[in-house]
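So this one's model13.pdb, PDB, C-alpha atoms:
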```pdb
ATOM      1  CA  MET A 519       0.000   0.000   0.000
ATOM      2  CA  ALA A 520       1.129   3.518  -0.718
ATOM      3  CA  ILE A 521       0.005   7.069  -0.221
ATOM      4  CA  ARG A 522      -0.641   8.647  -3.589
ATOM      5  CA  LYS A 523      -0.420  12.294  -4.593
ATOM      6  CA  VAL A 524      -3.811  14.008  -4.479
ATOM      7  CA  ARG A 525      -4.413  16.108  -7.581
ATOM      8  CA  VAL A 526      -5.554  19.646  -6.831
ATOM      9  CA  ILE A 527      -7.833  22.130  -8.550
ATOM     10  CA  GLY A 528      -6.251  23.296 -11.773
ATOM     11  CA  ASP A 529      -5.052  19.789 -12.674
ATOM     12  CA  GLU A 530      -6.818  18.941 -15.945
ATOM     13  CA  ILE A 531      -7.436  15.306 -14.910
ATOM     14  CA  LEU A 532     -10.021  16.495 -12.361
ATOM     15  CA  GLY A 533     -12.192  17.787 -15.210
ATOM     16  CA  LYS A 534     -12.220  14.510 -17.129
ATOM     17  CA  VAL A 535     -14.902  11.804 -17.128
ATOM     18  CA  CYS A 536     -13.795   8.486 -15.628
ATOM     19  CA  LYS A 537     -14.148   5.194 -17.473
ATOM     20  CA  PRO A 538     -15.987   2.138 -16.094
ATOM     21  CA  VAL A 539     -14.016  -0.674 -14.494
ATOM     22  CA  LYS A 540     -14.445  -3.859 -16.545
ATOM     23  CA  GLU A 541     -12.682  -6.378 -14.287
ATOM     24  CA  MET A 542     -10.959  -6.584 -10.926
ATOM     25  CA  THR A 543      -7.206  -6.874 -11.358
ATOM     26  CA  PRO A 544      -4.360  -6.889  -8.830
ATOM     27  CA  ARG A 545      -3.574  -3.309  -9.916
ATOM     28  CA  THR A 546      -7.168  -2.231  -9.246
ATOM     29  CA  ARG A 547      -7.134  -3.882  -5.799
ATOM     30  CA  GLU A 548      -3.884  -2.075  -5.024
ATOM     31  CA  LEU A 549      -5.416   1.216  -6.210
ATOM     32  CA  ILE A 550      -8.376   0.757  -3.834
ATOM     33  CA  GLU A 551      -6.050   0.028  -0.888
ATOM     34  CA  ASP A 552      -3.923   3.051  -1.791
ATOM     35  CA  MET A 553      -7.026   5.235  -2.052
ATOM     36  CA  PHE A 554      -8.112   4.339   1.489
ATOM     37  CA  GLU A 555      -4.597   4.914   2.812
ATOM     38  CA  THR A 556      -4.340   8.260   1.010
ATOM     39  CA  MET A 557      -7.809   9.328   2.171
ATOM     40  CA  TYR A 558      -6.972   8.568   5.814
ATOM     41  CA  GLU A 559      -3.580  10.284   5.575
ATOM     42  CA  GLU A 560      -5.293  13.422   4.240
ATOM     43  CA  ASN A 561      -8.157  13.247   6.801
ATOM     44  CA  GLY A 562     -10.817  12.873   4.115
ATOM     45  CA  VAL A 563     -14.118  11.001   4.184
ATOM     46  CA  GLY A 564     -14.143  10.150   0.493
ATOM     47  CA  LEU A 565     -11.840   9.858  -2.491
ATOM     48  CA  ALA A 566     -12.398   9.281  -6.195
ATOM     49  CA  ALA A 567      -9.780   7.559  -8.345
ATOM     50  CA  SER A 568      -9.425  10.661 -10.522
ATOM     51  CA  GLN A 569      -8.180  12.555  -7.461
ATOM     52  CA  VAL A 570      -5.101  10.321  -7.466
ATOM     53  CA  GLY A 571      -4.700  10.543 -11.237
ATOM     54  CA  VAL A 572      -6.536   7.379 -12.331
ATOM     55  CA  LEU A 573      -9.499   7.865 -14.679
ATOM     56  CA  ARG A 574     -11.562   4.911 -13.458
ATOM     57  CA  GLN A 575     -15.006   4.870 -11.806
ATOM     58  CA  ILE A 576     -13.869   3.952  -8.296
ATOM     59  CA  VAL A 577     -14.834   5.692  -5.072
ATOM     60  CA  THR A 578     -13.794   5.011  -1.474
ATOM     61  CA  ILE A 579     -15.782   6.432   1.446
ATOM     62  CA  ASP A 580     -15.497   6.231   5.228
ATOM     63  CA  VAL A 581     -17.823   8.530   7.171
ATOM     64  CA  GLU A 582     -16.896   6.920  10.493
ATOM     65  CA  ASP A 583     -20.060   4.827  10.712
ATOM     66  CA  GLY A 584     -18.046   1.646  11.146
ATOM     67  CA  ASN A 585     -18.010   0.828   7.431
ATOM     68  CA  GLN A 586     -15.573   1.303   4.584
ATOM     69  CA  TYR A 587     -17.417   1.710   1.300
ATOM     70  CA  VAL A 588     -16.022   0.863  -2.131
ATOM     71  CA  LEU A 589     -18.201   1.895  -5.056
ATOM     72  CA  ILE A 590     -17.112   0.701  -8.478
ATOM     73  CA  ASN A 591     -19.048   2.078 -11.470
ATOM     74  CA  PRO A 592     -21.576   3.767  -9.144
ATOM     75  CA  GLU A 593     -24.922   4.936 -10.460
ATOM     76  CA  ILE A 594     -27.206   7.105  -8.353
ATOM     77  CA  LEU A 595     -30.700   5.641  -8.646
ATOM     78  CA  GLU A 596     -32.709   7.903  -6.374
ATOM     79  CA  THR A 597     -32.351  11.056  -4.308
ATOM     80  CA  SER A 598     -34.723  12.879  -1.989
ATOM     81  CA  GLY A 599     -34.773  15.642   0.570
ATOM     82  CA  GLU A 600     -32.037  18.207   0.875
ATOM     83  CA  GLN A 601     -29.282  19.278   3.209
ATOM     84  CA  THR A 602     -27.264  22.464   3.065
ATOM     85  CA  GLY A 603     -23.911  22.744   4.751
ATOM     86  CA  TYR A 604     -20.210  23.344   4.438
ATOM     87  CA  GLU A 605     -18.331  21.016   2.157
ATOM     88  CA  GLY A 606     -14.647  20.636   1.447
ATOM     89  CA  CYS A 607     -12.512  18.528  -0.851
ATOM     90  CA  LEU A 608      -9.011  17.073  -0.726
ATOM     91  CA  SER A 609      -8.517  18.451  -4.250
ATOM     92  CA  VAL A 610      -9.412  21.983  -3.097
ATOM     93  CA  PRO A 611      -7.149  22.247  -0.041
ATOM     94  CA  GLY A 612      -7.756  24.916   2.540
ATOM     95  CA  LYS A 613     -11.169  25.910   1.177
ATOM     96  CA  THR A 614     -14.791  25.224   2.089
ATOM     97  CA  GLY A 615     -18.151  26.363   0.803
ATOM     98  CA  ILE A 616     -21.865  25.939   1.355
ATOM     99  CA  VAL A 617     -23.432  23.306  -0.915
ATOM    100  CA  THR A 618     -26.955  21.898  -1.046
ATOM    101  CA  ARG A 619     -27.130  18.157  -1.692
ATOM    102  CA  PRO A 620     -29.782  15.451  -1.354
ATOM    103  CA  ASP A 621     -30.259  14.173   2.208
ATOM    104  CA  HIS A 622     -31.140  10.666   1.007
ATOM    105  CA  VAL A 623     -29.403   8.773  -1.802
ATOM    106  CA  ARG A 624     -29.724   5.269  -3.209
ATOM    107  CA  VAL A 625     -26.810   4.123  -5.343
ATOM    108  CA  ARG A 626     -26.065   0.927  -7.263
ATOM    109  CA  ALA A 627     -22.422  -0.084  -7.584
ATOM    110  CA  LEU A 628     -20.076  -3.034  -7.720
ATOM    111  CA  ASN A 629     -18.054  -4.101  -4.688
ATOM    112  CA  GLU A 630     -14.417  -5.259  -4.700
ATOM    113  CA  GLU A 631     -15.553  -8.696  -5.893
ATOM    114  CA  MET A 632     -17.320  -7.012  -8.839
ATOM    115  CA  GLU A 633     -20.686  -8.043  -7.384
ATOM    116  CA  PRO A 634     -23.586  -5.577  -7.732
ATOM    117  CA  TYR A 635     -25.103  -4.086  -4.591
ATOM    118  CA  GLU A 636     -27.179  -1.119  -3.531
ATOM    119  CA  LEU A 637     -26.316   1.337  -0.803
ATOM    120  CA  VAL A 638     -28.671   3.782   0.858
ATOM    121  CA  GLY A 639     -27.062   6.820   2.419
ATOM    122  CA  GLU A 640     -28.438   9.645   4.513
ATOM    123  CA  GLY A 641     -26.821  12.789   5.885
ATOM    124  CA  LEU A 642     -23.034  12.800   5.563
ATOM    125  CA  LEU A 643     -22.954   9.491   3.675
ATOM    126  CA  ALA A 644     -25.445  10.845   1.106
ATOM    127  CA  ARG A 645     -23.329  13.997   0.750
ATOM    128  CA  ALA A 646     -20.136  11.951   0.300
ATOM    129  CA  ILE A 647     -21.720   9.658  -2.306
ATOM    130  CA  CYS A 648     -22.931  12.627  -4.373
ATOM    131  CA  HIS A 649     -19.633  14.511  -3.991
ATOM    132  CA  GLU A 650     -17.509  11.541  -5.072
ATOM    133  CA  CYS A 651     -19.823  10.553  -7.942
ATOM    134  CA  ASP A 652     -19.495  14.131  -9.220
ATOM    135  CA  HIS A 653     -15.710  13.627  -9.350
ATOM    136  CA  LEU A 654     -16.234  10.647 -11.655
ATOM    137  CA  LYS A 655     -18.025  13.011 -14.070
ATOM    138  CA  GLY A 656     -15.233  15.579 -13.888
ATOM    139  CA  LYS A 657     -17.196  17.954 -11.644
ATOM    140  CA  LEU A 658     -15.814  19.681  -8.539
ATOM    141  CA  TYR A 659     -18.026  20.907  -5.710
ATOM    142  CA  VAL A 660     -16.784  24.480  -6.215
ATOM    143  CA  SER A 661     -19.178  24.761  -9.184
ATOM    144  CA  MET A 662     -22.090  24.267  -6.747
ATOM    145  CA  VAL A 663     -20.983  26.556  -3.910
ATOM    146  CA  GLU A 664     -23.619  29.018  -2.754
ATOM    147  CA  GLY A 665     -21.848  32.315  -2.185
ATOM    148  CA  GLU A 666     -18.070  32.341  -1.965
ATOM    149  CA  LEU A 667     -15.457  29.795  -1.049
ATOM    150  CA  LYS A 668     -13.967  30.455   2.367
ATOM    151  CA  ASP A 669     -10.584  29.617   3.796
ATOM    152  CA  THR A 670     -10.896  26.728   6.245
ATOM    153  CA  ASP A 671      -8.595  28.660   8.604
ATOM    154  CA  ALA A 672     -11.166  31.478   8.681
ATOM    155  CA  MET A 673     -13.881  28.888   9.442
ATOM    156  CA  ASP A 674     -11.876  27.574  12.405
ATOM    157  CA  GLU A 675     -11.525  31.118  13.745
ATOM    158  CA  GLU A 676     -15.274  31.725  13.290
ATOM    159  CA  GLU A 677     -16.098  28.552  15.247
ATOM    160  CA  GLU A 678     -13.706  29.540  18.049
ATOM    161  CA  SER A 679     -15.284  33.005  18.338
ATOM    162  CA  GLU A 680     -18.771  31.446  18.592
ATOM    163  CA  GLU A 681     -17.804  29.256  21.573
TER
END
```

Let me see whether you can do it: turn the structure in this file into structure tokens.
Amino acid sequence: MAIRKVRVIGDEILGKVCKPVKEMTPRTRELIEDMFETMYEENGVGLAASQVGVLRQIVTIDVEDGNQYVLINPEILETSGEQTGYEGCLSVPGKTGIVTRPDHVRVRALNEEMEPYELVGEGLLARAICHECDHLKGKLYVSMVEGELKDTDAMDEEEESEE
């Protein structure tokens, strides 16, 4: 396993559409392991393969609910409700912005054994699924920010002054 370099805004690969995964190979398994390791190292809750320079439809998510999620070739089937809140991205370091996303999401994907399954997410998991699936389409959350992007340092100072 290895920590991979996270591509940041301005890198053209982040604007490209990812290709479906056709089969599970040792290289793909290694990529998934590296994605989790990279995500944890960077203190993220989700990571798309394009963020580490690989144009494949693979997403890893861990929202600290006791599960590690791997979504290969994910397809969002259903969304409902809405939630509005601050969102950040490992590919947009030091920034955050307010984004409205569905509060409930149902997604179909393949697991690491290339078996189809469905996952229902609410709250943070729903937000992470939508955010990471956007990456697979070459879309960054900054295009959805309501108002302006803020520095995360400024957000920390705001929170401290509210306490």

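Ranking A:Ala627, A:Val610, A:Leu573, A:Ile616 by their shortest atom-to-atom distance to Gly528 in chain A, with all atoms listed in the file included, puts A:Val610 first.
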
Among listed residues A:Met632, A:Val625, A:Ile579, A:Met662, nearest Thr546 in chain A (using only C-alpha atoms) = A:Met632

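Between Ile550 in chain A and the candidates A:Lys534, A:Val524, A:Lys613, A:Ile590, the tightest atom-to-atom separation, counting all atoms listed in the file, involves A:Ile590.
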
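From CA of Met557 in chain A back to CA of Thr602 in chain A, the distance works out to 23.5 Å.
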
query = On this structure, which residues satisfy the PyMOL selection byres ((chain A and resi 620) around 6), written as number ranges by chain?
reply = A: 597-601, 619, 621-622

task = Run the PyMOL selection byres ((chain A and resi 643) around 12) mentally over the shown coordinates, then write out the matched residues as a PyMOL selection string, using the chain letters and numbers from the document.
result = chain A and resi 563-564+578-587+601+619-625+637-642+644-650

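Take CA of Thr618 in chain A and CA of Glu605 in chain A: the distance between them is 9.2 Å.
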
Can you report as JSON the centre and edge lengths in Å, to one decimal, of an axis-aligned box around the listed atoms of range 663-670 of chain A padded with 4 Å on each side?
```
{"center_x": -17.1, "center_y": 29.4, "center_z": 1.2, "size_x": 21.0, "size_y": 13.8, "size_z": 18.2}
```

request  = List, as number ranges by chain, every residue that the PyMOL selection byres ((chain A and resi 653) around 9) selects in the file provided.
outcome  = A: 532-536, 565-569, 648-652, 654-659

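Of the listed residues A:Gln575, A:Asn629, A:Thr543, A:Asn561, the one whose atoms come nearest to Cys607 in chain A is A:Asn561, with distances taken using only C-alpha atoms.
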
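Of the residues under consideration (A:Asp529, A:Glu593, A:Glu559, A:Glu666), A:Glu593 shows the shortest atom-to-atom contact distance to Ile576 in chain A when counting only C-alpha atoms.
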
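Minimum distance to Leu549 in chain A across A:Val577, A:Ile531, A:Leu595, A:Val526 (counting only C-alpha atoms) occurs at A:Val577.
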
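The coordinates place CA of Met519 in chain A at 6.7 Å from CA of Glu548 in chain A.
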